[in-house]
>>> print(open('target-v4.cif').read())   # mmCIF, N, CA and C atoms
data_protein
#
loop_
_atom_site.label_atom_id
_atom_site.label_comp_id
_atom_site.auth_asym_id
_atom_site.auth_seq_id
_atom_site.Cartn_x
_atom_site.Cartn_y
_atom_site.Cartn_z
N MET A 12 0.82 -1.19 0.00
CA MET A 12 0.00 0.00 0.00
C MET A 12 0.87 1.26 0.00
N PHE A 13 2.00 1.21 0.71
CA PHE A 13 2.88 2.37 0.77
C PHE A 13 4.21 2.15 0.07
N GLY A 14 4.48 0.90 -0.31
CA GLY A 14 5.69 0.59 -1.05
C GLY A 14 6.97 0.81 -0.27
N VAL A 15 6.98 0.48 1.01
CA VAL A 15 8.19 0.63 1.83
C VAL A 15 8.54 -0.73 2.45
N PRO A 16 9.83 -0.98 2.63
CA PRO A 16 10.25 -2.27 3.20
C PRO A 16 10.20 -2.29 4.74
N LEU A 17 9.09 -1.94 5.29
CA LEU A 17 8.90 -1.99 6.74
C LEU A 17 7.87 -3.07 7.00
N ASN A 18 8.24 -4.07 7.80
CA ASN A 18 7.36 -5.22 7.92
C ASN A 18 6.44 -5.20 9.13
N ASP A 19 6.60 -4.23 10.04
CA ASP A 19 5.72 -4.20 11.21
C ASP A 19 5.48 -2.77 11.64
N PHE A 20 4.43 -2.18 11.13
CA PHE A 20 4.10 -0.80 11.49
C PHE A 20 3.57 -0.69 12.92
N THR A 21 3.03 -1.77 13.46
CA THR A 21 2.42 -1.70 14.78
C THR A 21 3.41 -1.89 15.91
N ASN A 22 4.63 -2.25 15.61
CA ASN A 22 5.66 -2.43 16.64
C ASN A 22 5.93 -1.08 17.30
N ALA A 23 5.92 -1.05 18.62
CA ALA A 23 6.10 0.21 19.34
C ALA A 23 7.57 0.50 19.66
N PHE A 24 8.49 -0.35 19.26
CA PHE A 24 9.91 -0.11 19.50
C PHE A 24 10.46 0.78 18.40
N LYS A 25 10.22 2.08 18.54
CA LYS A 25 10.66 3.04 17.54
C LYS A 25 11.20 4.28 18.25
N ALA A 26 12.06 5.00 17.56
CA ALA A 26 12.58 6.26 18.09
C ALA A 26 12.38 7.32 17.00
N TYR A 27 11.99 8.51 17.41
CA TYR A 27 11.73 9.60 16.47
C TYR A 27 12.48 10.84 16.91
N ARG A 28 12.93 11.62 15.95
CA ARG A 28 13.50 12.93 16.27
C ARG A 28 12.35 13.88 16.55
N ARG A 29 12.64 14.87 17.37
CA ARG A 29 11.61 15.84 17.75
C ARG A 29 11.02 16.55 16.53
N ASN A 30 11.87 16.94 15.57
CA ASN A 30 11.34 17.66 14.40
C ASN A 30 10.42 16.77 13.57
N ALA A 31 10.66 15.47 13.55
CA ALA A 31 9.77 14.56 12.83
C ALA A 31 8.42 14.47 13.54
N LEU A 32 8.44 14.39 14.86
CA LEU A 32 7.18 14.33 15.61
C LEU A 32 6.38 15.62 15.43
N GLU A 33 7.06 16.75 15.48
CA GLU A 33 6.37 18.02 15.29
C GLU A 33 5.80 18.13 13.87
N GLY A 34 6.53 17.56 12.90
CA GLY A 34 6.07 17.61 11.52
C GLY A 34 4.93 16.66 11.21
N CYS A 35 4.63 15.75 12.13
CA CYS A 35 3.55 14.79 11.92
C CYS A 35 2.22 15.26 12.50
N ARG A 36 2.23 16.40 13.13
CA ARG A 36 0.98 16.90 13.71
C ARG A 36 0.02 17.32 12.62
N PRO A 37 -1.25 17.28 12.79
CA PRO A 37 -2.00 16.86 13.97
C PRO A 37 -2.13 15.34 14.02
N PHE A 38 -2.14 14.82 15.24
CA PHE A 38 -2.31 13.39 15.44
C PHE A 38 -3.80 13.08 15.54
N LEU A 39 -4.21 12.04 14.88
CA LEU A 39 -5.61 11.62 14.90
C LEU A 39 -5.88 10.51 15.91
N SER A 40 -4.84 9.77 16.24
CA SER A 40 -4.99 8.56 17.05
C SER A 40 -5.00 8.87 18.55
N PRO A 41 -6.06 8.47 19.24
CA PRO A 41 -6.10 8.69 20.68
C PRO A 41 -5.49 7.55 21.49
N HIS A 42 -5.22 6.40 20.85
CA HIS A 42 -4.78 5.23 21.61
C HIS A 42 -3.63 4.53 20.90
N PHE A 43 -3.61 3.21 20.96
CA PHE A 43 -2.51 2.43 20.44
C PHE A 43 -2.33 2.54 18.93
N ASN A 44 -3.33 2.97 18.20
CA ASN A 44 -3.14 3.10 16.77
C ASN A 44 -2.18 4.24 16.41
N LEU A 45 -1.70 4.97 17.41
CA LEU A 45 -0.64 5.95 17.18
C LEU A 45 0.63 5.25 16.70
N THR A 46 0.81 3.97 17.08
CA THR A 46 1.98 3.22 16.62
C THR A 46 1.93 2.96 15.12
N VAL A 47 0.77 3.09 14.51
CA VAL A 47 0.64 2.97 13.06
C VAL A 47 0.72 4.36 12.42
N GLU A 48 0.10 5.34 13.05
CA GLU A 48 0.05 6.69 12.48
C GLU A 48 1.44 7.33 12.38
N LEU A 49 2.25 7.22 13.41
CA LEU A 49 3.55 7.88 13.39
C LEU A 49 4.48 7.40 12.28
N PRO A 50 4.71 6.09 12.13
CA PRO A 50 5.60 5.70 11.04
C PRO A 50 5.04 6.02 9.66
N LEU A 51 3.74 5.87 9.48
CA LEU A 51 3.15 6.17 8.17
C LEU A 51 3.29 7.66 7.84
N LYS A 52 3.01 8.52 8.80
CA LYS A 52 3.12 9.95 8.54
C LYS A 52 4.56 10.38 8.31
N THR A 53 5.52 9.80 9.04
CA THR A 53 6.92 10.18 8.81
C THR A 53 7.36 9.77 7.41
N ILE A 54 6.90 8.63 6.94
CA ILE A 54 7.25 8.18 5.59
C ILE A 54 6.57 9.05 4.55
N VAL A 55 5.27 9.26 4.70
CA VAL A 55 4.50 10.06 3.73
C VAL A 55 5.00 11.49 3.67
N ARG A 56 5.41 12.03 4.79
CA ARG A 56 5.83 13.44 4.84
C ARG A 56 7.30 13.65 4.54
N GLY A 57 8.00 12.59 4.16
CA GLY A 57 9.35 12.74 3.63
C GLY A 57 10.48 12.71 4.63
N TYR A 58 10.27 12.26 5.84
CA TYR A 58 11.35 12.16 6.81
C TYR A 58 12.15 10.90 6.54
N SER A 59 13.44 10.95 6.80
CA SER A 59 14.27 9.76 6.59
C SER A 59 14.03 8.77 7.73
N TRP A 60 14.23 7.50 7.43
CA TRP A 60 14.02 6.46 8.43
C TRP A 60 14.87 5.26 8.08
N THR A 61 15.11 4.43 9.06
CA THR A 61 15.85 3.20 8.86
C THR A 61 15.33 2.14 9.80
N VAL A 62 15.56 0.90 9.45
CA VAL A 62 15.16 -0.23 10.28
C VAL A 62 16.43 -0.82 10.89
N ILE A 63 16.45 -0.94 12.19
CA ILE A 63 17.55 -1.60 12.89
C ILE A 63 16.99 -2.88 13.47
N PRO A 64 17.39 -4.03 12.93
CA PRO A 64 16.80 -5.29 13.40
C PRO A 64 17.18 -5.58 14.84
N ILE A 65 16.23 -6.09 15.58
CA ILE A 65 16.48 -6.53 16.95
C ILE A 65 15.98 -7.97 17.09
N THR A 66 16.54 -8.67 18.03
CA THR A 66 16.11 -10.03 18.30
C THR A 66 15.64 -10.09 19.74
N LEU A 67 14.45 -10.56 19.93
CA LEU A 67 13.90 -10.71 21.27
C LEU A 67 13.93 -12.18 21.65
N ALA A 68 14.22 -12.44 22.91
CA ALA A 68 14.19 -13.82 23.39
C ALA A 68 12.75 -14.33 23.34
N GLN A 69 12.57 -15.54 22.88
CA GLN A 69 11.25 -16.13 22.80
C GLN A 69 10.79 -16.60 24.18
N PRO A 70 9.61 -16.22 24.62
CA PRO A 70 9.09 -16.73 25.89
C PRO A 70 8.72 -18.20 25.75
N ALA A 71 8.57 -18.85 26.87
CA ALA A 71 8.15 -20.25 26.85
C ALA A 71 6.84 -20.37 26.09
N ARG A 72 6.72 -21.40 25.29
CA ARG A 72 5.50 -21.57 24.49
C ARG A 72 4.31 -21.85 25.38
N ARG A 73 3.25 -21.12 25.14
CA ARG A 73 2.00 -21.33 25.85
C ARG A 73 0.87 -20.84 24.96
N GLN A 74 -0.27 -21.32 25.22
CA GLN A 74 -1.42 -20.91 24.42
C GLN A 74 -1.91 -19.56 24.93
N ILE A 75 -2.08 -18.65 24.00
CA ILE A 75 -2.55 -17.32 24.34
C ILE A 75 -3.94 -17.16 23.76
N GLU A 76 -4.87 -16.80 24.60
CA GLU A 76 -6.23 -16.57 24.13
C GLU A 76 -6.34 -15.14 23.62
N THR A 77 -6.86 -15.03 22.43
CA THR A 77 -7.08 -13.69 21.87
C THR A 77 -8.54 -13.55 21.52
N GLN A 78 -8.98 -12.34 21.62
CA GLN A 78 -10.36 -12.04 21.26
C GLN A 78 -10.34 -10.89 20.28
N ASP A 79 -11.13 -11.01 19.23
CA ASP A 79 -11.25 -9.91 18.29
C ASP A 79 -12.21 -8.90 18.88
N GLN A 80 -11.67 -7.73 19.20
CA GLN A 80 -12.50 -6.69 19.80
C GLN A 80 -12.66 -5.51 18.86
N GLY A 81 -12.53 -5.78 17.58
CA GLY A 81 -12.74 -4.70 16.61
C GLY A 81 -11.60 -3.71 16.56
N ASN A 82 -10.39 -4.12 16.90
CA ASN A 82 -9.26 -3.20 16.90
C ASN A 82 -8.73 -2.91 15.51
N GLY A 83 -9.16 -3.66 14.52
CA GLY A 83 -8.68 -3.44 13.17
C GLY A 83 -9.20 -2.18 12.53
N GLN A 84 -10.39 -1.74 12.89
CA GLN A 84 -10.97 -0.57 12.25
C GLN A 84 -10.17 0.71 12.48
N PRO A 85 -9.72 1.01 13.71
CA PRO A 85 -8.91 2.23 13.87
C PRO A 85 -7.61 2.18 13.07
N TYR A 86 -6.96 1.00 13.01
CA TYR A 86 -5.74 0.87 12.23
C TYR A 86 -6.02 1.11 10.75
N LEU A 87 -7.10 0.55 10.26
CA LEU A 87 -7.47 0.71 8.86
C LEU A 87 -7.78 2.18 8.56
N PHE A 88 -8.49 2.86 9.46
CA PHE A 88 -8.80 4.27 9.26
C PHE A 88 -7.52 5.09 9.15
N ILE A 89 -6.57 4.87 10.04
CA ILE A 89 -5.31 5.62 10.02
C ILE A 89 -4.52 5.32 8.75
N ALA A 90 -4.45 4.04 8.37
CA ALA A 90 -3.72 3.68 7.15
C ALA A 90 -4.35 4.34 5.93
N LEU A 91 -5.67 4.31 5.84
CA LEU A 91 -6.34 4.95 4.70
C LEU A 91 -6.15 6.46 4.71
N TYR A 92 -6.20 7.07 5.89
CA TYR A 92 -5.99 8.52 6.00
C TYR A 92 -4.59 8.89 5.49
N CYS A 93 -3.57 8.14 5.93
CA CYS A 93 -2.20 8.42 5.50
C CYS A 93 -2.02 8.16 4.01
N TRP A 94 -2.68 7.12 3.50
CA TRP A 94 -2.60 6.83 2.07
C TRP A 94 -3.23 7.97 1.26
N LEU A 95 -4.37 8.46 1.71
CA LEU A 95 -5.01 9.59 1.02
C LEU A 95 -4.12 10.83 1.07
N GLU A 96 -3.48 11.05 2.22
CA GLU A 96 -2.58 12.19 2.34
C GLU A 96 -1.42 12.05 1.36
N LYS A 97 -0.90 10.84 1.22
CA LYS A 97 0.23 10.62 0.32
C LYS A 97 -0.12 10.95 -1.12
N TYR A 98 -1.28 10.54 -1.56
CA TYR A 98 -1.63 10.69 -2.96
C TYR A 98 -2.46 11.92 -3.31
N PHE A 99 -3.07 12.57 -2.32
CA PHE A 99 -3.95 13.68 -2.65
C PHE A 99 -3.62 15.01 -1.99
N SER A 100 -2.60 15.07 -1.13
CA SER A 100 -2.31 16.34 -0.46
C SER A 100 -1.41 17.25 -1.30
N ARG A 101 -0.93 16.78 -2.43
CA ARG A 101 -0.05 17.55 -3.31
C ARG A 101 1.20 18.01 -2.59
N GLY A 102 1.66 17.27 -1.59
CA GLY A 102 2.88 17.60 -0.89
C GLY A 102 2.75 18.72 0.11
N ASP A 103 1.54 19.10 0.47
CA ASP A 103 1.35 20.20 1.42
C ASP A 103 2.02 19.94 2.76
N TYR A 104 2.07 18.67 3.16
CA TYR A 104 2.64 18.33 4.46
C TYR A 104 4.09 17.88 4.39
N ARG A 105 4.68 17.83 3.21
CA ARG A 105 6.04 17.31 3.06
C ARG A 105 7.03 18.14 3.85
N MET A 106 8.06 17.46 4.37
CA MET A 106 9.12 18.12 5.11
C MET A 106 9.79 19.15 4.20
N LYS A 107 10.04 20.31 4.74
CA LYS A 107 10.64 21.37 3.93
C LYS A 107 12.12 21.46 4.18
#
>>> encode(input="target-v4.cif", output="structure tokens")
Amino acid sequence: MFGVPLNDFTNAFKAYRRNALEGCRPFLSPHFNLTVELPLKTIVRGYSWTVIPITLAQPARRQIETQDQGNGQPYLFIALYCWLEKYFSRGDYRMK
């Protein structure tokens, strides 16, 4: 959708420069979907970024119960908003 080699937008292990955060305003996300909004907006708005791979120790295997509580809709809204900004804002928000 965005054509970038980033495989996990929802991962919260990220660091941002202050000028990139200021350039991503206004934020639409009130909760955890901010972890999707920030990387998408930094990419769409022309800030440089890099992926530094990390390895986490695997916890002991156990069954984890998950429930679908409709969390996909806020992520989808943010992704579509950023996609629309990328293709229809004519660069109004691009880093100067």
>>> axis_aligned_box(input="target-v4.cif", around="region 38-46 of chain A", padding_each_side="3 Å", output="JSON")
{"center_x": -2.1, "center_y": 8.6, "center_z": 18.2, "size_x": 14.1, "size_y": 18.4, "size_z": 12.7}
>>> resolve_selection(input="target-v4.cif", expression="the PyMOL selection byres (((chain A and resi 93 and name CA) around 8) and name CA)", output="list of chain:residue names")
A:Glu48, A:Leu51, A:Lys52, A:Val55, A:Ile89, A:Ala90, A:Leu91, A:Tyr92, A:Trp94, A:Leu95, A:Glu96, A:Lys97
>>> atom_distance(input="target-v4.cif", atom1="atom N of Trp60 (chain A)", atom2="atom C of Val15 (chain A)")
11.2 Å
>>> residues_around(input="target-v4.cif", residues="region 33-45 of chain A", least_positions_apart="2", cutoff="8 Å", atoms="all atoms listed in the file", output="PyMOL selection string")
chain A and resi 20-21+23+28-31+47-53+56+85-86+89+104-106
>>> write_last_selection(input="target-v4.cif", atoms="N, CA and C atoms", output="tab-separated table (two decimals), keeping the file's coordinate frame")
chain	number	residue	atom	x	y	z
A	20	PHE	N	4.43	-2.18	11.13
A	20	PHE	CA	4.10	-0.80	11.49
A	20	PHE	C	3.57	-0.69	12.92
A	21	THR	N	3.03	-1.77	13.46
A	21	THR	CA	2.42	-1.70	14.78
A	21	THR	C	3.41	-1.89	15.91
A	23	ALA	N	5.92	-1.05	18.62
A	23	ALA	CA	6.10	0.21	19.34
A	23	ALA	C	7.57	0.50	19.66
A	28	ARG	N	12.93	11.62	15.95
A	28	ARG	CA	13.50	12.93	16.27
A	28	ARG	C	12.35	13.88	16.55
A	29	ARG	N	12.64	14.87	17.37
A	29	ARG	CA	11.61	15.84	17.75
A	29	ARG	C	11.02	16.55	16.53
A	30	ASN	N	11.87	16.94	15.57
A	30	ASN	CA	11.34	17.66	14.40
A	30	ASN	C	10.42	16.77	13.57
A	31	ALA	N	10.66	15.47	13.55
A	31	ALA	CA	9.77	14.56	12.83
A	31	ALA	C	8.42	14.47	13.54
A	47	VAL	N	0.77	3.09	14.51
A	47	VAL	CA	0.64	2.97	13.06
A	47	VAL	C	0.72	4.36	12.42
A	48	GLU	N	0.10	5.34	13.05
A	48	GLU	CA	0.05	6.69	12.48
A	48	GLU	C	1.44	7.33	12.38
A	49	LEU	N	2.25	7.22	13.41
A	49	LEU	CA	3.55	7.88	13.39
A	49	LEU	C	4.48	7.40	12.28
A	50	PRO	N	4.71	6.09	12.13
A	50	PRO	CA	5.60	5.70	11.04
A	50	PRO	C	5.04	6.02	9.66
A	51	LEU	N	3.74	5.87	9.48
A	51	LEU	CA	3.15	6.17	8.17
A	51	LEU	C	3.29	7.66	7.84
A	52	LYS	N	3.01	8.52	8.80
A	52	LYS	CA	3.12	9.95	8.54
A	52	LYS	C	4.56	10.38	8.31
A	53	THR	N	5.52	9.80	9.04
A	53	THR	CA	6.92	10.18	8.81
A	53	THR	C	7.36	9.77	7.41
A	56	ARG	N	5.41	12.03	4.79
A	56	ARG	CA	5.83	13.44	4.84
A	56	ARG	C	7.30	13.65	4.54
A	85	PRO	N	-9.72	1.01	13.71
A	85	PRO	CA	-8.91	2.23	13.87
A	85	PRO	C	-7.61	2.18	13.07
A	86	TYR	N	-6.96	1.00	13.01
A	86	TYR	CA	-5.74	0.87	12.23
A	86	TYR	C	-6.02	1.11	10.75
A	89	ILE	N	-6.57	4.87	10.04
A	89	ILE	CA	-5.31	5.62	10.02
A	89	ILE	C	-4.52	5.32	8.75
A	104	TYR	N	2.07	18.67	3.16
A	104	TYR	CA	2.64	18.33	4.46
A	104	TYR	C	4.09	17.88	4.39
A	105	ARG	N	4.68	17.83	3.21
A	105	ARG	CA	6.04	17.31	3.06
A	105	ARG	C	7.03	18.14	3.85
A	106	MET	N	8.06	17.46	4.37
A	106	MET	CA	9.12	18.12	5.11
A	106	MET	C	9.79	19.15	4.20
>>> atom_distance(input="target-v4.cif", atom1="CA of Gly14 (chain A)", atom2="CA of Ile54 (chain A)")
10.2 Å
>>> atom_distance(input="target-v4.cif", atom1="CA of Pro64 (chain A)", atom2="CA of Tyr98 (chain A)")
29.4 Å
>>> decode(input="target-v4.cif", residues="region 15-51 of chain A", atoms="N, CA and C atoms", output="short mmCIF file (atom, residue, chain, number, x, y, z; two decimals), in the first residue's frame")
data_model
loop_
_atom_site.label_atom_id
_atom_site.label_comp_id
_atom_site.auth_asym_id
_atom_site.auth_seq_id
_atom_site.Cartn_x
_atom_site.Cartn_y
_atom_site.Cartn_z
N VAL A 15 6.98 0.48 1.01
CA VAL A 15 8.19 0.63 1.83
C VAL A 15 8.54 -0.73 2.45
N PRO A 16 9.83 -0.98 2.63
CA PRO A 16 10.25 -2.27 3.20
C PRO A 16 10.20 -2.29 4.74
N LEU A 17 9.09 -1.94 5.29
CA LEU A 17 8.90 -1.99 6.74
C LEU A 17 7.87 -3.07 7.00
N ASN A 18 8.24 -4.07 7.80
CA ASN A 18 7.36 -5.22 7.92
C ASN A 18 6.44 -5.20 9.13
N ASP A 19 6.60 -4.23 10.04
CA ASP A 19 5.72 -4.20 11.21
C ASP A 19 5.48 -2.77 11.64
N PHE A 20 4.43 -2.18 11.13
CA PHE A 20 4.10 -0.80 11.49
C PHE A 20 3.57 -0.69 12.92
N THR A 21 3.03 -1.77 13.46
CA THR A 21 2.42 -1.70 14.78
C THR A 21 3.41 -1.89 15.91
N ASN A 22 4.63 -2.25 15.61
CA ASN A 22 5.66 -2.43 16.64
C ASN A 22 5.93 -1.08 17.30
N ALA A 23 5.92 -1.05 18.62
CA ALA A 23 6.10 0.21 19.34
C ALA A 23 7.57 0.50 19.66
N PHE A 24 8.49 -0.35 19.26
CA PHE A 24 9.91 -0.11 19.50
C PHE A 24 10.46 0.78 18.40
N LYS A 25 10.22 2.08 18.54
CA LYS A 25 10.66 3.04 17.54
C LYS A 25 11.20 4.28 18.25
N ALA A 26 12.06 5.00 17.56
CA ALA A 26 12.58 6.26 18.09
C ALA A 26 12.38 7.32 17.00
N TYR A 27 11.99 8.51 17.41
CA TYR A 27 11.73 9.60 16.47
C TYR A 27 12.48 10.84 16.91
N ARG A 28 12.93 11.62 15.95
CA ARG A 28 13.50 12.93 16.27
C ARG A 28 12.35 13.88 16.55
N ARG A 29 12.64 14.87 17.37
CA ARG A 29 11.61 15.84 17.75
C ARG A 29 11.02 16.55 16.53
N ASN A 30 11.87 16.94 15.57
CA ASN A 30 11.34 17.66 14.40
C ASN A 30 10.42 16.77 13.57
N ALA A 31 10.66 15.47 13.55
CA ALA A 31 9.77 14.56 12.83
C ALA A 31 8.42 14.47 13.54
N LEU A 32 8.44 14.39 14.86
CA LEU A 32 7.18 14.33 15.61
C LEU A 32 6.38 15.62 15.43
N GLU A 33 7.06 16.75 15.48
CA GLU A 33 6.37 18.02 15.29
C GLU A 33 5.80 18.13 13.87
N GLY A 34 6.53 17.56 12.90
CA GLY A 34 6.07 17.61 11.52
C GLY A 34 4.93 16.66 11.21
N CYS A 35 4.63 15.75 12.13
CA CYS A 35 3.55 14.79 11.92
C CYS A 35 2.22 15.26 12.50
N ARG A 36 2.23 16.40 13.13
CA ARG A 36 0.98 16.90 13.71
C ARG A 36 0.02 17.32 12.62
N PRO A 37 -1.25 17.28 12.79
CA PRO A 37 -2.00 16.86 13.97
C PRO A 37 -2.13 15.34 14.02
N PHE A 38 -2.14 14.82 15.24
CA PHE A 38 -2.31 13.39 15.44
C PHE A 38 -3.80 13.08 15.54
N LEU A 39 -4.21 12.04 14.88
CA LEU A 39 -5.61 11.62 14.90
C LEU A 39 -5.88 10.51 15.91
N SER A 40 -4.84 9.77 16.24
CA SER A 40 -4.99 8.56 17.05
C SER A 40 -5.00 8.87 18.55
N PRO A 41 -6.06 8.47 19.24
CA PRO A 41 -6.10 8.69 20.68
C PRO A 41 -5.49 7.55 21.49
N HIS A 42 -5.22 6.40 20.85
CA HIS A 42 -4.78 5.23 21.61
C HIS A 42 -3.63 4.53 20.90
N PHE A 43 -3.61 3.21 20.96
CA PHE A 43 -2.51 2.43 20.44
C PHE A 43 -2.33 2.54 18.93
N ASN A 44 -3.33 2.97 18.20
CA ASN A 44 -3.14 3.10 16.77
C ASN A 44 -2.18 4.24 16.41
N LEU A 45 -1.70 4.97 17.41
CA LEU A 45 -0.64 5.95 17.18
C LEU A 45 0.63 5.25 16.70
N THR A 46 0.81 3.97 17.08
CA THR A 46 1.98 3.22 16.62
C THR A 46 1.93 2.96 15.12
N VAL A 47 0.77 3.09 14.51
CA VAL A 47 0.64 2.97 13.06
C VAL A 47 0.72 4.36 12.42
N GLU A 48 0.10 5.34 13.05
CA GLU A 48 0.05 6.69 12.48
C GLU A 48 1.44 7.33 12.38
N LEU A 49 2.25 7.22 13.41
CA LEU A 49 3.55 7.88 13.39
C LEU A 49 4.48 7.40 12.28
N PRO A 50 4.71 6.09 12.13
CA PRO A 50 5.60 5.70 11.04
C PRO A 50 5.04 6.02 9.66
N LEU A 51 3.74 5.87 9.48
CA LEU A 51 3.15 6.17 8.17
C LEU A 51 3.29 7.66 7.84
#
